[in-house]
$ cat model-v2.cif   # mmCIF, C-alpha atoms
data_start
loop_
_atom_site.label_atom_id
_atom_site.label_comp_id
_atom_site.auth_asym_id
_atom_site.auth_seq_id
_atom_site.Cartn_x
_atom_site.Cartn_y
_atom_site.Cartn_z
CA MET A 1 0.00 0.00 0.00
CA LYS A 2 2.87 2.37 0.78
CA ILE A 3 4.47 1.63 -2.59
CA THR A 4 1.18 2.14 -4.45
CA HIS A 5 0.68 5.43 -2.60
CA LYS A 6 4.16 6.60 -3.65
CA ILE A 7 3.50 5.67 -7.27
CA ASN A 8 0.16 7.51 -7.22
CA ASN A 9 1.87 10.65 -5.92
CA ALA A 10 4.67 10.33 -8.46
CA PHE A 11 2.14 9.92 -11.26
CA ILE A 12 0.71 13.35 -10.45
CA GLU A 13 4.14 15.00 -10.43
CA ASN A 14 6.30 13.19 -13.00
CA ASP A 15 6.28 12.27 -16.67
CA THR A 16 5.44 8.81 -18.00
CA TYR A 17 9.02 7.55 -18.33
CA ASP A 18 9.65 8.22 -14.64
CA ILE A 19 6.47 6.39 -13.68
CA TYR A 20 7.36 3.28 -15.67
CA GLN A 21 10.86 3.26 -14.19
CA LEU A 22 9.53 3.85 -10.68
CA ILE A 23 7.06 0.96 -11.02
CA LEU A 24 9.84 -1.38 -12.10
CA ASP A 25 12.33 -0.18 -9.49
CA LYS A 26 9.79 -0.66 -6.70
CA ALA A 27 9.19 -4.22 -7.90
CA ILE A 28 12.94 -4.96 -7.84
CA ASN A 29 13.25 -3.50 -4.32
CA LEU A 30 10.25 -5.39 -3.03
CA LEU A 31 12.22 -8.56 -2.29
CA PRO A 32 15.94 -9.01 -1.45
CA ILE A 33 16.39 -11.76 -4.04
CA CYS A 34 15.23 -9.57 -6.99
CA ASN A 35 18.19 -8.31 -9.01
CA TYR A 36 17.18 -6.97 -12.43
CA GLY A 37 14.08 -6.58 -14.53
CA SER A 38 12.15 -4.97 -17.35
CA LEU A 39 8.72 -3.51 -18.01
CA LEU A 40 7.18 -3.95 -21.45
CA ILE A 41 3.98 -2.37 -22.81
CA TYR A 42 1.92 -3.82 -25.64
CA ASP A 43 1.27 -1.66 -28.71
CA GLU A 44 -2.11 -2.69 -30.09
CA ASP A 45 -1.59 -0.79 -33.34
CA GLN A 46 1.77 -2.42 -34.12
CA TYR A 47 1.11 -5.81 -32.46
CA HIS A 48 4.34 -5.85 -30.46
CA PHE A 49 5.83 -5.03 -27.06
CA THR A 50 8.27 -2.19 -26.40
CA PHE A 51 10.55 -1.72 -23.39
CA LYS A 52 9.41 1.19 -21.22
CA ALA A 53 11.88 0.63 -18.38
CA VAL A 54 14.80 -1.62 -17.43
CA ASN A 55 16.69 -2.14 -14.18
CA GLY A 56 20.28 -3.40 -14.19
CA TYR A 57 20.61 -3.14 -17.96
CA ASP A 58 21.60 -0.40 -20.40
CA TYR A 59 18.31 1.13 -21.58
CA SER A 60 19.90 2.45 -24.79
CA GLN A 61 20.21 -1.17 -25.98
CA PHE A 62 16.52 -1.83 -25.30
CA LYS A 63 14.68 1.36 -26.22
CA ASP A 64 14.41 0.60 -29.94
CA LEU A 65 13.72 -3.13 -29.54
CA THR A 66 10.30 -4.55 -30.30
CA ILE A 67 9.22 -7.97 -29.09
CA ASP A 68 6.59 -9.99 -30.90
CA LEU A 69 3.85 -11.62 -28.83
CA LYS A 70 5.13 -15.10 -29.73
CA GLN A 71 8.66 -14.25 -28.57
CA THR A 72 7.63 -13.54 -24.99
CA PHE A 73 8.33 -15.83 -22.05
CA ILE A 74 4.64 -16.10 -21.25
CA TYR A 75 3.58 -17.16 -24.74
CA GLN A 76 6.27 -19.86 -24.90
CA LYS A 77 5.95 -21.16 -21.32
CA SER A 78 2.37 -20.65 -20.17
CA GLU A 79 -0.25 -23.37 -20.39
CA ASN A 80 -3.02 -20.89 -19.70
CA GLY A 81 -2.37 -18.16 -22.24
CA PHE A 82 -1.68 -14.69 -20.87
CA ASN A 83 -3.57 -15.36 -17.66
CA ASP A 84 -0.78 -16.62 -15.40
CA SER A 85 2.79 -15.67 -14.60
CA VAL A 86 5.56 -18.07 -15.58
CA ILE A 87 9.04 -18.94 -14.33
CA VAL A 88 11.80 -19.10 -16.93
CA LYS A 89 14.97 -20.88 -15.80
CA ASP A 90 17.25 -20.14 -18.76
CA ILE A 91 16.51 -16.79 -20.38
CA TYR A 92 19.88 -16.83 -22.16
CA ASN A 93 18.91 -19.82 -24.30
CA HIS A 94 15.32 -18.66 -24.59
CA ASN A 95 16.57 -15.46 -26.24
CA LYS A 96 18.84 -17.40 -28.58
CA LYS A 97 15.99 -19.69 -29.58
CA TYR A 98 13.17 -17.20 -30.09
CA MET A 99 14.84 -13.85 -30.82
CA THR A 100 16.56 -12.51 -33.91
CA GLU A 101 20.34 -12.14 -33.92
CA LYS A 102 20.06 -8.40 -33.26
CA GLU A 103 17.59 -8.89 -30.41
CA THR A 104 19.68 -11.67 -28.87
CA LYS A 105 22.79 -9.49 -28.93
CA ALA A 106 20.96 -6.70 -27.09
CA LEU A 107 19.18 -8.95 -24.59
CA ASN A 108 21.97 -11.40 -23.72
CA THR A 109 24.39 -9.37 -21.63
CA ASN A 110 27.03 -10.61 -19.21
CA MET A 111 24.45 -10.35 -16.42
CA THR A 112 22.02 -12.61 -18.27
CA LYS A 113 24.20 -15.67 -17.63
CA ASP A 114 24.07 -15.02 -13.85
CA ILE A 115 20.27 -15.12 -13.77
CA LYS A 116 18.85 -18.38 -12.44
CA GLU A 117 15.17 -17.53 -12.81
CA THR A 118 12.95 -14.89 -14.35
CA LEU A 119 9.39 -14.35 -13.20
CA SER A 120 7.32 -13.03 -16.10
CA ILE A 121 3.99 -11.52 -15.03
CA PRO A 122 1.24 -10.55 -17.50
CA ILE A 123 -0.44 -7.20 -16.89
CA LYS A 124 -4.01 -7.21 -18.11
CA VAL A 125 -6.64 -4.49 -18.30
CA LYS A 126 -10.26 -5.52 -18.89
CA GLU A 127 -9.11 -9.02 -19.89
CA LYS A 128 -6.79 -7.63 -22.58
CA ILE A 129 -3.01 -8.02 -22.47
CA PHE A 130 -1.50 -4.65 -21.65
CA GLY A 131 2.07 -5.30 -20.59
CA ILE A 132 4.61 -7.65 -19.04
CA LEU A 133 6.65 -7.26 -15.85
CA ASN A 134 9.84 -9.37 -15.88
CA ILE A 135 11.78 -9.81 -12.63
CA ASP A 136 15.18 -11.55 -12.63
CA THR A 137 16.94 -13.26 -9.72
CA LYS A 138 20.34 -14.87 -9.23
CA GLU A 139 18.70 -17.21 -6.72
CA LEU A 140 15.35 -19.05 -6.84
CA PHE A 141 11.85 -17.66 -6.32
CA SER A 142 9.84 -19.21 -3.48
CA PRO A 143 6.04 -19.62 -3.83
CA GLU A 144 5.68 -16.68 -1.38
CA ASP A 145 7.95 -14.48 -3.56
CA ILE A 146 5.85 -15.26 -6.61
CA GLU A 147 2.63 -14.50 -4.74
CA ILE A 148 3.95 -11.12 -3.52
CA LEU A 149 5.16 -10.06 -6.97
CA ASN A 150 1.91 -11.13 -8.61
CA TYR A 151 -0.03 -9.15 -6.02
CA TYR A 152 2.18 -6.13 -6.66
CA ALA A 153 1.58 -6.41 -10.42
CA ASP A 154 -2.18 -6.48 -9.84
CA SER A 155 -1.93 -3.46 -7.56
CA ILE A 156 -0.19 -1.19 -10.07
CA VAL A 157 -2.30 -2.04 -13.14
CA SER A 158 -4.23 1.24 -12.98
CA ASN A 159 -0.98 3.23 -12.70
CA ILE A 160 0.48 1.61 -15.79
CA TYR A 161 -2.80 2.04 -17.67
CA ASN A 162 -3.00 5.73 -16.73
CA SER A 163 0.67 6.21 -17.64
CA GLN A 164 0.05 4.91 -21.14
CA LEU A 165 -3.04 7.09 -21.53
CA LEU A 166 -0.98 10.11 -20.48
CA GLU A 167 1.82 9.11 -22.82
CA LYS A 168 -0.62 8.82 -25.74
CA THR A 169 -2.19 12.15 -24.87
CA ILE A 170 1.20 13.86 -24.77
CA TYR A 171 2.20 12.20 -28.05
CA LEU A 172 -0.98 13.26 -29.85
CA SER A 173 -0.54 16.81 -28.57
CA ARG A 174 2.92 16.98 -30.16
CA TYR A 175 2.90 14.73 -33.20
CA ASP A 176 0.90 14.48 -36.39
CA LYS A 177 -1.01 11.20 -36.27
CA LEU A 178 -0.54 10.31 -39.96
CA THR A 179 3.14 11.13 -40.50
CA ASN A 180 4.52 10.86 -36.93
CA ILE A 181 6.38 14.15 -37.21
CA TYR A 182 5.73 17.28 -35.11
CA ASN A 183 2.36 18.98 -35.53
CA ARG A 184 1.95 22.73 -35.96
CA ASN A 185 1.19 23.54 -32.32
CA PHE A 186 4.27 21.80 -30.97
CA PHE A 187 6.40 23.17 -33.82
CA GLU A 188 5.48 26.70 -32.78
CA GLU A 189 6.54 25.89 -29.20
CA ILE A 190 9.89 24.58 -30.48
CA LEU A 191 10.32 27.62 -32.72
CA ASN A 192 9.84 29.93 -29.73
CA ASP A 193 12.67 28.12 -27.93
CA ILE A 194 14.86 28.37 -31.04
CA ILE A 195 14.17 32.10 -31.33
CA GLU A 196 15.29 32.50 -27.71
CA LYS A 197 18.58 30.82 -28.69
CA VAL A 198 18.96 33.28 -31.56
CA ILE A 199 18.39 36.24 -29.24
CA GLN A 200 20.68 34.99 -26.48
CA ASN A 201 23.44 33.38 -28.56
CA ASN A 202 25.10 33.63 -31.93
CA TYR A 203 22.56 31.28 -33.50
CA TYR A 204 20.90 31.16 -36.93
CA PHE A 205 18.79 28.79 -39.00
CA ALA A 206 17.19 28.21 -42.39
CA PHE A 207 13.39 28.05 -42.53
CA VAL A 208 12.17 25.80 -45.35
CA LEU A 209 8.49 25.61 -46.29
CA LEU A 210 7.54 22.47 -48.24
CA ASP A 211 4.39 21.73 -50.18
CA MET A 212 3.77 18.25 -51.58
CA ASN A 213 2.88 18.54 -55.26
CA TYR A 214 -0.39 17.11 -56.60
CA LEU A 215 -1.99 15.91 -53.35
CA LYS A 216 -5.42 16.76 -54.80
CA GLU A 217 -4.66 14.66 -57.89
CA PHE A 218 -3.58 11.74 -55.69
CA ASN A 219 -6.83 11.94 -53.73
CA ASP A 220 -9.12 12.55 -56.71
CA ASN A 221 -7.60 9.96 -59.06
CA TYR A 222 -6.52 7.19 -56.70
CA GLY A 223 -8.36 7.74 -53.43
CA HIS A 224 -7.43 9.25 -50.07
CA LYS A 225 -5.63 6.10 -48.93
CA ILE A 226 -3.07 6.55 -51.75
CA GLY A 227 -2.92 10.25 -50.92
CA ASP A 228 -2.08 9.41 -47.31
CA ASP A 229 0.49 6.86 -48.47
CA ALA A 230 2.12 9.55 -50.60
CA LEU A 231 2.33 11.92 -47.62
CA ILE A 232 3.88 9.20 -45.47
CA HIS A 233 6.32 8.28 -48.27
CA LEU A 234 7.36 11.93 -48.54
CA THR A 235 7.96 12.44 -44.82
CA GLU A 236 9.74 9.12 -44.29
CA PHE A 237 12.07 9.88 -47.19
CA ILE A 238 12.86 13.44 -46.07
CA LYS A 239 13.66 12.26 -42.51
CA LYS A 240 16.57 10.22 -43.90
CA PHE A 241 18.35 13.44 -44.87
CA LEU A 242 17.87 15.35 -41.61
CA THR A 243 20.13 15.57 -38.59
CA LYS A 244 18.99 15.17 -34.98
CA LYS A 245 19.19 18.95 -34.53
CA ASP A 246 16.94 19.72 -37.51
CA VAL A 247 13.21 20.17 -36.90
CA PHE A 248 10.56 18.68 -39.20
CA ALA A 249 6.83 19.38 -38.81
CA ARG A 250 3.54 19.12 -40.66
CA LEU A 251 1.70 22.43 -40.70
CA GLY A 252 -1.43 20.82 -42.10
CA GLY A 253 -2.67 19.21 -45.32
CA ASP A 254 0.22 19.06 -47.78
CA GLU A 255 2.35 21.74 -46.08
CA PHE A 256 5.48 20.97 -44.07
CA VAL A 257 8.30 22.97 -42.55
CA ILE A 258 11.95 22.18 -41.85
CA ILE A 259 14.31 24.18 -39.67
CA PHE A 260 17.89 23.44 -40.63
CA ASP A 261 20.10 23.95 -37.58
CA LYS A 262 22.83 26.61 -38.05
CA THR A 263 22.41 26.60 -41.82
CA ASP A 264 22.56 29.49 -44.30
CA ALA A 265 20.32 29.86 -47.36
CA ASN A 266 22.81 28.42 -49.86
CA THR A 267 23.51 25.32 -47.79
CA ALA A 268 19.80 24.81 -47.16
CA GLU A 269 19.16 25.10 -50.90
CA GLN A 270 21.76 22.41 -51.62
CA LYS A 271 20.33 20.09 -48.96
CA ILE A 272 16.71 20.37 -50.00
CA LYS A 273 17.45 20.19 -53.73
CA HIS A 274 19.52 17.05 -53.15
CA THR A 275 16.62 15.52 -51.19
CA LEU A 276 14.13 16.39 -53.94
CA ASN A 277 16.32 14.86 -56.66
CA LYS A 278 16.67 11.66 -54.63
CA LEU A 279 12.92 11.56 -54.01
CA ILE A 280 12.17 11.89 -57.74
CA ASN A 281 14.14 8.69 -58.29
CA ASN A 282 12.30 6.90 -55.47
CA PRO A 283 8.60 6.84 -56.37
CA LEU A 284 5.81 5.48 -54.21
CA ILE A 285 5.43 1.77 -54.97
CA ILE A 286 1.89 0.40 -54.82
CA ASN A 287 2.12 -3.35 -54.35
CA ASN A 288 -1.53 -4.25 -54.78
CA ARG A 289 -2.43 -2.04 -57.74
CA SER A 290 -0.77 -3.12 -60.99
CA ASP A 291 -2.24 -0.13 -62.82
CA LEU A 292 -0.42 2.28 -60.49
CA ASP A 293 2.85 0.45 -59.88
CA HIS A 294 5.14 3.46 -59.34
CA LEU A 295 3.80 6.94 -58.54
CA PRO A 296 6.16 9.94 -58.50
CA VAL A 297 6.03 11.94 -55.26
CA THR A 298 7.55 15.42 -55.33
CA PHE A 299 7.46 18.69 -53.45
CA SER A 300 8.05 22.39 -53.95
CA TYR A 301 9.92 24.55 -51.46
CA GLY A 302 10.81 28.05 -50.43
CA ILE A 303 13.56 29.18 -48.07
CA ALA A 304 13.81 32.05 -45.61
CA THR A 305 16.57 32.65 -43.07
CA ALA A 306 16.70 33.82 -39.49
CA PRO A 307 17.63 36.15 -37.97
CA ASN A 308 18.74 38.21 -40.99
CA GLU A 309 15.34 38.11 -42.76
CA SER A 310 13.07 37.80 -39.73
CA LEU A 311 12.42 36.14 -36.39
CA VAL A 312 8.64 36.37 -36.73
CA LEU A 313 6.87 33.16 -37.78
CA ASP A 314 4.27 34.89 -39.96
CA ILE A 315 6.94 36.78 -41.89
CA LEU A 316 9.09 33.67 -42.33
CA LEU A 317 6.00 31.85 -43.61
CA LYS A 318 5.11 34.63 -46.07
CA LEU A 319 8.64 34.89 -47.42
CA SER A 320 9.10 31.13 -47.86
CA ASP A 321 5.53 30.71 -49.17
CA HIS A 322 6.08 33.29 -51.93
CA ARG A 323 9.37 31.64 -52.96
CA MET A 324 7.78 28.19 -52.81
CA TYR A 325 5.02 29.08 -55.25
CA GLU A 326 7.52 30.58 -57.65
CA PHE A 327 9.45 27.31 -57.50
CA LYS A 328 6.24 25.24 -57.84
CA LYS A 329 5.15 27.04 -61.02
CA GLU A 330 8.56 26.59 -62.66
CA PHE A 331 8.90 22.97 -61.48
CA LYS A 332 5.51 21.89 -62.83
CA GLU A 333 6.15 23.52 -66.18
CA LYS A 334 9.57 21.88 -66.42
CA HIS A 335 8.49 18.40 -65.25
CA PRO A 336 4.97 17.58 -66.51
CA GLU A 337 5.94 13.89 -66.53
CA LEU A 338 6.06 13.92 -62.72
CA LYS A 339 2.36 14.62 -62.38
CA PRO A 340 0.67 11.43 -61.12
CA GLY A 341 -1.00 9.70 -64.05
CA ASN A 342 1.24 11.33 -66.67
CA ASN A 343 4.18 8.94 -66.41
#
$ encode --input "model-v2.cif" --output "C-alpha cells"
Amino acid sequence: MKITHKINNAFIENDTYDIYQLILDKAINLLPICNYGSLLIYDEDQYHFTFKAVNGYDYSQFKDLTIDLKQTFIYQKSENGFNDSVIVKDIYNHNKKYMTEKETKALNTNMTKDIKETLSIPIKVKEKIFGILNIDTKELFSPEDIEILNYYADSIVSNIYNSQLLEKTIYLSRYDKLTNIYNRNFFEEILNDIIEKVIQNNYYFAFVLLDMNYLKEFNDNYGHKIGDDALIHLTEFIKKFLTKKDVFARLGGDEFVIIFDKTDANTAEQKIKHTLNKLINNPLIINNRSDLDHLPVTFSYGIATAPNESLVLDILLKLSDHRMYEFKKEFKEKHPELKPGNN
C-alpha cells in the first residue's frame, strides 16, 4: 500500500518515463532476491511489445527493440495463455531460440548468464493483455515471492494504464497522427525556444516551407488512402536526410516545414534540392495495384533565413511561401511527366 501510494503521488508529479521506471524499481526493491528486470507495454496498433523501463541493464540497448507476442516468455511457457505468470529458468537460451540475432545481442548481456530464474507476469486491463513485468533473480523464487510479486503487479495495473493514456495524450498533442512528425502547435513551441537561442546566442537557421505537389490529384484519381500513403512516403524519405538537430513538422494538409540547424540559405538550398532529386528517383510503390505500380512523389519549397530576414513566424512563412510558389510554377512547367498519371 505504501508503494502504491508513492506511485500515485509520483504519477501526479512526474512524466510517464519516470512512472514506468519507478514501477519497475519498486518491484525490484520489493524482495531481497530480486536483481534486475524490465517492463514492457503492448502496442495494439503495431502488435508488439516495447521496453518502457529496465533495471540493471543499459536502456539504450533496449529502447528501440520490439518484441513480438510469440517471442515472450509467457507465450512460450504458459499453459493458460496470458492469464498466469511463468518462471523461466534459462533466459539466455530462450533469447537465442526465439529472438533474432540483433535482439539476442541486445538482450543477452554478461548479467544474463548469472540469472537463475525470471518471473514473467502478464499485466491485463479488462481481460486484454496490456504489458509484461519481468523480474530476474540470481537465486530461486519461493512460492511466497511469486505471490507477492503477482499481487504487486495487480496493484499497479491502474498506474500503468493511466501512464500509457498520459503518454498517448502527450504524443498526440505533439505529433501528427498520420506522419509521426511534429504537428503545428508543438512546432510553434519549439520555434519559440529556437528564437530564444537566436536572441541569447550567436545562432541562426534556415526556414524551409515544403508543399507536396499534386496531393489533390492523388486523392481525386486514386483515393485518399493513396494520398495518405504519398504523404507518409514523402515524410519518411525526407527524414533520412535530416540531422537530430533539424526540426521537421507538418503544418497541415500538404504543407510541411523544416528548420535546418545553423544553416545558411545556400547550404539549405543544396540540402533540400539534393533531397528532392533523390525523391524523384524513389517513387511510391503500390504493391496491390498493378495499374499504379510506381507513382512519382515530389514537393516544392521556399527558403527564408533567421535572424537576418526575420524572427517572426508569420513573416518567415510569407517569405518562404512566396518563394515556394515561384518554385512550384517553374517545377511543374519543367516536369509535366512527374504529375501522377502522366508517367
$ resolve_selection --input "model-v2.cif" --expression "the PyMOL selection byres ((chain A and resi 146) around 10)" --output "compact mmCIF listing (two decimals) with C-alpha atoms, in the coordinates of the input"
# COMPACT_ATOMS: atom_id res chain seq x y z
CA SER A 85 2.79 -15.67 -14.60
CA VAL A 86 5.56 -18.07 -15.58
CA ILE A 87 9.04 -18.94 -14.33
CA LEU A 119 9.39 -14.35 -13.20
CA SER A 120 7.32 -13.03 -16.10
CA ILE A 121 3.99 -11.52 -15.03
CA PHE A 141 11.85 -17.66 -6.32
CA SER A 142 9.84 -19.21 -3.48
CA PRO A 143 6.04 -19.62 -3.83
CA GLU A 144 5.68 -16.68 -1.38
CA ASP A 145 7.95 -14.48 -3.56
CA GLU A 147 2.63 -14.50 -4.74
CA ILE A 148 3.95 -11.12 -3.52
CA LEU A 149 5.16 -10.06 -6.97
CA ASN A 150 1.91 -11.13 -8.61
CA TYR A 151 -0.03 -9.15 -6.02
CA TYR A 152 2.18 -6.13 -6.66
$ closest_residue --input "model-v2.cif" --among "A:Val125, A:Val198, A:Ile181, A:Ile285" --to "Thr235 of chain A" --atoms "all atoms listed in the file"
A:Ile181
$ residues_around --input "model-v2.cif" --residues "segment 37-51 of chain A" --least-positions-apart "3" --cutoff "9 Å" --atoms "all atoms listed in the file" --output "short mmCIF file (atom, residue, chain, number, x, y, z; two decimals) with C-alpha atoms, in the frame of the given file"
data_model
loop_
_atom_site.label_atom_id
_atom_site.label_comp_id
_atom_site.auth_asym_id
_atom_site.auth_seq_id
_atom_site.Cartn_x
_atom_site.Cartn_y
_atom_site.Cartn_z
CA TYR A 20 7.36 3.28 -15.67
CA GLN A 21 10.86 3.26 -14.19
CA ILE A 23 7.06 0.96 -11.02
CA LEU A 24 9.84 -1.38 -12.10
CA ASP A 25 12.33 -0.18 -9.49
CA ALA A 27 9.19 -4.22 -7.90
CA ILE A 28 12.94 -4.96 -7.84
CA CYS A 34 15.23 -9.57 -6.99
CA VAL A 54 14.80 -1.62 -17.43
CA ASN A 55 16.69 -2.14 -14.18
CA GLY A 56 20.28 -3.40 -14.19
CA TYR A 57 20.61 -3.14 -17.96
CA TYR A 59 18.31 1.13 -21.58
CA PHE A 62 16.52 -1.83 -25.30
CA LYS A 63 14.68 1.36 -26.22
CA ASP A 64 14.41 0.60 -29.94
CA LEU A 65 13.72 -3.13 -29.54
CA THR A 66 10.30 -4.55 -30.30
CA ILE A 67 9.22 -7.97 -29.09
CA ASP A 68 6.59 -9.99 -30.90
CA LEU A 69 3.85 -11.62 -28.83
CA THR A 72 7.63 -13.54 -24.99
CA THR A 118 12.95 -14.89 -14.35
CA ILE A 123 -0.44 -7.20 -16.89
CA ILE A 129 -3.01 -8.02 -22.47
CA PHE A 130 -1.50 -4.65 -21.65
CA GLY A 131 2.07 -5.30 -20.59
CA ILE A 132 4.61 -7.65 -19.04
CA LEU A 133 6.65 -7.26 -15.85
CA ASN A 134 9.84 -9.37 -15.88
CA ILE A 135 11.78 -9.81 -12.63
CA ASP A 136 15.18 -11.55 -12.63
CA THR A 137 16.94 -13.26 -9.72
CA ILE A 160 0.48 1.61 -15.79
CA GLN A 164 0.05 4.91 -21.14
#
$ residues_around --input "model-v2.cif" --residues "Pro340 of chain A" --least-positions-apart "6" --cutoff "10 Å" --atoms "all atoms listed in the file" --output "PyMOL selection string"
chain A and resi 213-215+217-218+221-222+292+294-298
$ resolve_selection --input "model-v2.cif" --expression "the PyMOL selection byres ((chain A and resi 111) around 12)" --output "ChimeraX atom specification"
/A:35-37,55-58,91-92,106-110,112-116,136-138
$ write_last_selection --input "model-v2.cif" --atoms "C-alpha atoms" --output "PDB file, in the frame of the given file"
ATOM      1  CA  ASN A  35      18.190  -8.310  -9.010  1.00  0.00           C
ATOM      2  CA  TYR A  36      17.180  -6.970 -12.430  1.00  0.00           C
ATOM      3  CA  GLY A  37      14.080  -6.580 -14.530  1.00  0.00           C
ATOM      4  CA  ASN A  55      16.690  -2.140 -14.180  1.00  0.00           C
ATOM      5  CA  GLY A  56      20.280  -3.400 -14.190  1.00  0.00           C
ATOM      6  CA  TYR A  57      20.610  -3.140 -17.960  1.00  0.00           C
ATOM      7  CA  ASP A  58      21.600  -0.400 -20.400  1.00  0.00           C
ATOM      8  CA  ILE A  91      16.510 -16.790 -20.380  1.00  0.00           C
ATOM      9  CA  TYR A  92      19.880 -16.830 -22.160  1.00  0.00           C
ATOM     10  CA  ALA A 106      20.960  -6.700 -27.090  1.00  0.00           C
ATOM     11  CA  LEU A 107      19.180  -8.950 -24.590  1.00  0.00           C
ATOM     12  CA  ASN A 108      21.970 -11.400 -23.720  1.00  0.00           C
ATOM     13  CA  THR A 109      24.390  -9.370 -21.630  1.00  0.00           C
ATOM     14  CA  ASN A 110      27.030 -10.610 -19.210  1.00  0.00           C
ATOM     15  CA  THR A 112      22.020 -12.610 -18.270  1.00  0.00           C
ATOM     16  CA  LYS A 113      24.200 -15.670 -17.630  1.00  0.00           C
ATOM     17  CA  ASP A 114      24.070 -15.020 -13.850  1.00  0.00           C
ATOM     18  CA  ILE A 115      20.270 -15.120 -13.770  1.00  0.00           C
ATOM     19  CA  LYS A 116      18.850 -18.380 -12.440  1.00  0.00           C
ATOM     20  CA  ASP A 136      15.180 -11.550 -12.630  1.00  0.00           C
ATOM     21  CA  THR A 137      16.940 -13.260  -9.720  1.00  0.00           C
ATOM     22  CA  LYS A 138      20.340 -14.870  -9.230  1.00  0.00           C
TER      23      LYS A 138
END
$ atom_distance --input "model-v2.cif" --atom1 "atom CA of Ser320 of chain A" --atom2 "atom CA of Ile303 of chain A"
4.9 Å
$ closest_residue --input "model-v2.cif" --among "A:Met99, A:Asp293, A:Asp261, A:Tyr301" --to "Lys197 of chain A" --atoms "all atoms listed in the file"
A:Asp261
$ resolve_selection --input "model-v2.cif" --expression "the PyMOL selection byres ((chain A and resi 273) around 12)" --output "list in words"
Val208, Leu210, Ile238, Phe241, Ala265, Asn266, Thr267, Ala268, Glu269, Gln270, Lys271, Ile272, His274, Thr275, Leu276, Asn277, Lys278, Leu279, Ile280, Thr298, Phe299, Ser300, Tyr301, Gly302, Ile303, Phe327 and Phe331 of chain A
$ write_last_selection --input "model-v2.cif" --atoms "C-alpha atoms" --output "CSV table (one decimal), in the coordinates of the input"
chain,number,residue,atom,x,y,z
A,208,VAL,CA,12.2,25.8,-45.4
A,210,LEU,CA,7.5,22.5,-48.2
A,238,ILE,CA,12.9,13.4,-46.1
A,241,PHE,CA,18.4,13.4,-44.9
A,265,ALA,CA,20.3,29.9,-47.4
A,266,ASN,CA,22.8,28.4,-49.9
A,267,THR,CA,23.5,25.3,-47.8
A,268,ALA,CA,19.8,24.8,-47.2
A,269,GLU,CA,19.2,25.1,-50.9
A,270,GLN,CA,21.8,22.4,-51.6
A,271,LYS,CA,20.3,20.1,-49.0
A,272,ILE,CA,16.7,20.4,-50.0
A,274,HIS,CA,19.5,17.0,-53.2
A,275,THR,CA,16.6,15.5,-51.2
A,276,LEU,CA,14.1,16.4,-53.9
A,277,ASN,CA,16.3,14.9,-56.7
A,278,LYS,CA,16.7,11.7,-54.6
A,279,LEU,CA,12.9,11.6,-54.0
A,280,ILE,CA,12.2,11.9,-57.7
A,298,THR,CA,7.6,15.4,-55.3
A,299,PHE,CA,7.5,18.7,-53.4
A,300,SER,CA,8.0,22.4,-54.0
A,301,TYR,CA,9.9,24.6,-51.5
A,302,GLY,CA,10.8,28.0,-50.4
A,303,ILE,CA,13.6,29.2,-48.1
A,327,PHE,CA,9.4,27.3,-57.5
A,331,PHE,CA,8.9,23.0,-61.5
$ atom_distance --input "model-v2.cif" --atom1 "atom CA of Asp321 of chain A" --atom2 "atom CA of Asn201 of chain A"
27.4 Å
$ atom_distance --input "model-v2.cif" --atom1 "atom CA of Phe256 of chain A" --atom2 "atom CA of Met324 of chain A"
11.6 Å
$ closest_residue --input "model-v2.cif" --among "A:Gly227, A:Pro122, A:Thr104, A:Lys52" --to "Ile74 of chain A" --atoms "all atoms listed in the file"
A:Pro122
$ axis_aligned_box --input "model-v2.cif" --around "segment 27-37 of chain A" --padding-each-side "8 Å" --output "lines of an AutoDock Vina configuration file"
center_x = 13.7
center_y = -7.6
center_z = -8.0
size_x = 25.0
size_y = 24.3
size_z = 29.1
$ residues_around --input "model-v2.cif" --residues "Phe73 of chain A" --least-positions-apart "2" --cutoff "8 Å" --atoms "all atoms listed in the file" --output "list in words"
Gln71, Tyr75, Gln76, Lys77, Ser78, Val86, Val88, His94 and Ser120 of chain A
